[in-house]
Amino acid sequence: MIRLAVFASGEGTNLEAILAAIAAGRLDAEVAAVASDRPECGAVARARRHGLPTWALCPSDFPDKAAYERALAAAVTGRGEVDVAVLAGYMRIAGPVLRETFPCMVNLHPSLLPCFPGRDAVAQALAAGVRVTGCTVHFVDEGVDTGPIIAQRAVAVRPGDDAERLRARIQRAEHRLLPEVLSLFAQGRIRREGRRVEILPRARAARPHGGAGGGGGWREPS
Ligand code: GAR
């Protein structure tokens, strides 16, 4: 069982997908905390409905980004150790404080990176006229959507798609992909060496002991 901290700013449908996978026995994890920069967002409401420990702090209430991140990190780590921090629609760039507090941090992005990083990835894909886009789960580094890629799922762009329709189809793919990737962490099947990410076959996976950052196959970047 791994412990997750989920960071979100939006509707929280991916948080819901994670919780559904746990409830269905497809993901051996616990959501130890939910954190947000938007107290009024859907993700916070969903987290509270599920009775999860939830913190929503307004960055504008703090003197700077580091102070905001320190407060959020302290709240989350106060609930105990976190194996994987999951940015599931967290619409801020994780700064040094969050990245150092949670060295195993992954982000979900609605495109096939490295195409269309940053904001409005769905609109960027439509504007570029691509026939295929999708979603990516990657490790977070200091750049914007530049970290090592763990897994991707392709989604076709259909004639007549607008941003809303395409986003809905990408999100359906995300709702499968993100829990699958987290389950790989839980099974100790993700190994990272620098920018190289390897997904181990079942038989070769080290069983997690003390979480994904301990013996779960995930390794500190060298
Ligand atoms: C997701 O589609 C995710 O890919 C996107 O925000 C949405 C959150 O949906 N993230 C980004 O655009 C990050 N750059 P949700 O709140 O319903 O899970």
# chains A, B, ... in the order shown; residues from 1 in each chain; ligands from 1

call {"tool": "residues_around", "arguments": {"residues": "Ala156 in chain A", "least_positions_apart": "3", "cutoff": "12 Å", "atoms": "only C-alpha atoms", "output": "ChimeraX atom specification"}}
result
/A:111-112,125-126,129-135,153,159-161,165-167,169-170,173

call {"tool": "residues_around", "arguments": {"residues": "Ala17 in chain A", "least_positions_apart": "5", "cutoff": "8 Å", "atoms": "only C-alpha atoms", "output": "MDAnalysis selection string"}}
result
chainID A and resid 175:176 179

call {"tool": "write_last_selection", "arguments": {"atoms": "C-alpha atoms", "output": "PDB file, in the first residue's frame"}}
result
ATOM      1  CA  HIS A 175      -9.137   8.516 -15.699  1.00  0.00           C
ATOM      2  CA  ARG A 176      -7.731   5.151 -16.784  1.00  0.00           C
ATOM      3  CA  PRO A 179      -4.672   5.083 -11.658  1.00  0.00           C
TER       4      PRO A 179
END

call {"tool": "residues_around", "arguments": {"residues": "range 77-91 of chain A", "least_positions_apart": "2", "cutoff": "8 Å", "atoms": "only C-alpha atoms", "output": "ChimeraX atom specification"}}
result
/A:2-10,12,14-15,32-33,36-37,73-75,93,102,104-109,211-213

call {"tool": "closest_residue", "arguments": {"among": "A:Gly42, A:Pro53, A:Gly143, A:Pro96", "to": "ligand 1", "atoms": "only C-alpha atoms and all ligand atoms"}}
result
A:Gly42

call {"tool": "closest_residue", "arguments": {"among": "A:Arg49, A:Arg196, A:Arg26, A:Arg99", "to": "Leu178 in chain A", "atoms": "only C-alpha atoms"}}
result
A:Arg26

call {"tool": "atom_distance", "arguments": {"atom1": "atom 2 (O, counted along the ligand's line) of ligand 1", "atom2": "CA of Glu193 in chain A"}}
result
27.4 Å

call {"tool": "decode", "arguments": {"residues": "range 109-133 of chain A", "atoms": "N, CA and C atoms", "output": "mmCIF file, in the first residue's frame"}}
result
data_model
loop_
_atom_site.group_PDB
_atom_site.id
_atom_site.type_symbol
_atom_site.label_atom_id
_atom_site.label_comp_id
_atom_site.auth_asym_id
_atom_site.auth_seq_id
_atom_site.Cartn_x
_atom_site.Cartn_y
_atom_site.Cartn_z
ATOM 1 N N HIS A 109 -0.772 15.544 -17.578
ATOM 2 C CA HIS A 109 -0.882 16.655 -18.538
ATOM 3 C C HIS A 109 -1.718 16.199 -19.738
ATOM 4 N N PRO A 110 -2.625 17.087 -20.211
ATOM 5 C CA PRO A 110 -3.544 16.667 -21.282
ATOM 6 C C PRO A 110 -2.982 16.833 -22.698
ATOM 7 N N SER A 111 -1.798 16.278 -22.940
ATOM 8 C CA SER A 111 -1.281 16.196 -24.312
ATOM 9 C C SER A 111 -0.233 15.100 -24.330
ATOM 10 N N LEU A 112 0.199 14.761 -25.538
ATOM 11 C CA LEU A 112 1.317 13.829 -25.669
ATOM 12 C C LEU A 112 2.594 14.659 -25.619
ATOM 13 N N LEU A 113 3.124 14.836 -24.421
ATOM 14 C CA LEU A 113 4.360 15.612 -24.285
ATOM 15 C C LEU A 113 5.484 14.936 -25.077
ATOM 16 N N PRO A 114 6.435 15.663 -25.639
ATOM 17 C CA PRO A 114 6.706 17.074 -25.388
ATOM 18 C C PRO A 114 5.857 18.048 -26.212
ATOM 19 N N CYS A 115 4.825 17.569 -26.935
ATOM 20 C CA CYS A 115 3.959 18.516 -27.639
ATOM 21 C C CYS A 115 3.046 19.229 -26.650
ATOM 22 N N PHE A 116 2.836 20.485 -26.856
ATOM 23 C CA PHE A 116 1.822 21.283 -26.169
ATOM 24 C C PHE A 116 1.961 21.313 -24.651
ATOM 25 N N PRO A 117 3.130 21.701 -24.156
ATOM 26 C CA PRO A 117 3.281 21.872 -22.703
ATOM 27 C C PRO A 117 2.572 23.149 -22.242
ATOM 28 N N GLY A 118 2.486 23.317 -20.945
ATOM 29 C CA GLY A 118 1.937 24.556 -20.387
ATOM 30 C C GLY A 118 0.424 24.585 -20.409
ATOM 31 N N ARG A 119 -0.093 25.802 -20.402
ATOM 32 C CA ARG A 119 -1.548 25.978 -20.322
ATOM 33 C C ARG A 119 -2.219 25.693 -21.660
ATOM 34 N N ASP A 120 -3.509 25.393 -21.608
ATOM 35 C CA ASP A 120 -4.357 25.258 -22.797
ATOM 36 C C ASP A 120 -3.830 24.225 -23.782
ATOM 37 N N ALA A 121 -3.399 23.097 -23.259
ATOM 38 C CA ALA A 121 -2.827 22.062 -24.128
ATOM 39 C C ALA A 121 -3.854 21.556 -25.140
ATOM 40 N N VAL A 122 -5.108 21.504 -24.749
ATOM 41 C CA VAL A 122 -6.143 20.989 -25.663
ATOM 42 C C VAL A 122 -6.362 21.986 -26.798
ATOM 43 N N ALA A 123 -6.453 23.265 -26.458
ATOM 44 C CA ALA A 123 -6.613 24.305 -27.492
ATOM 45 C C ALA A 123 -5.379 24.353 -28.389
ATOM 46 N N GLN A 124 -4.208 24.166 -27.806
ATOM 47 C CA GLN A 124 -2.981 24.155 -28.619
ATOM 48 C C GLN A 124 -3.025 23.026 -29.647
ATOM 49 N N ALA A 125 -3.508 21.858 -29.215
ATOM 50 C CA ALA A 125 -3.576 20.704 -30.132
ATOM 51 C C ALA A 125 -4.548 20.987 -31.271
ATOM 52 N N LEU A 126 -5.703 21.574 -30.940
ATOM 53 C CA LEU A 126 -6.691 21.885 -31.986
ATOM 54 C C LEU A 126 -6.123 22.922 -32.952
ATOM 55 N N ALA A 127 -5.458 23.931 -32.403
ATOM 56 C CA ALA A 127 -4.902 24.984 -33.257
ATOM 57 C C ALA A 127 -3.821 24.436 -34.181
ATOM 58 N N ALA A 128 -3.083 23.435 -33.705
ATOM 59 C CA ALA A 128 -2.004 22.864 -34.517
ATOM 60 C C ALA A 128 -2.543 21.912 -35.585
ATOM 61 N N GLY A 129 -3.800 21.489 -35.443
ATOM 62 C CA GLY A 129 -4.400 20.600 -36.428
ATOM 63 C C GLY A 129 -3.916 19.162 -36.345
ATOM 64 N N VAL A 130 -3.415 18.743 -35.177
ATOM 65 C CA VAL A 130 -2.949 17.355 -35.068
ATOM 66 C C VAL A 130 -4.140 16.403 -35.139
ATOM 67 N N ARG A 131 -3.892 15.200 -35.619
ATOM 68 C CA ARG A 131 -4.950 14.177 -35.704
ATOM 69 C C ARG A 131 -5.009 13.321 -34.459
ATOM 70 N N VAL A 132 -3.893 13.332 -33.721
ATOM 71 C CA VAL A 132 -3.811 12.521 -32.494
ATOM 72 C C VAL A 132 -3.212 13.390 -31.402
ATOM 73 N N THR A 133 -3.834 13.372 -30.240
ATOM 74 C CA THR A 133 -3.228 13.976 -29.070
ATOM 75 C C THR A 133 -3.384 12.967 -27.931
#
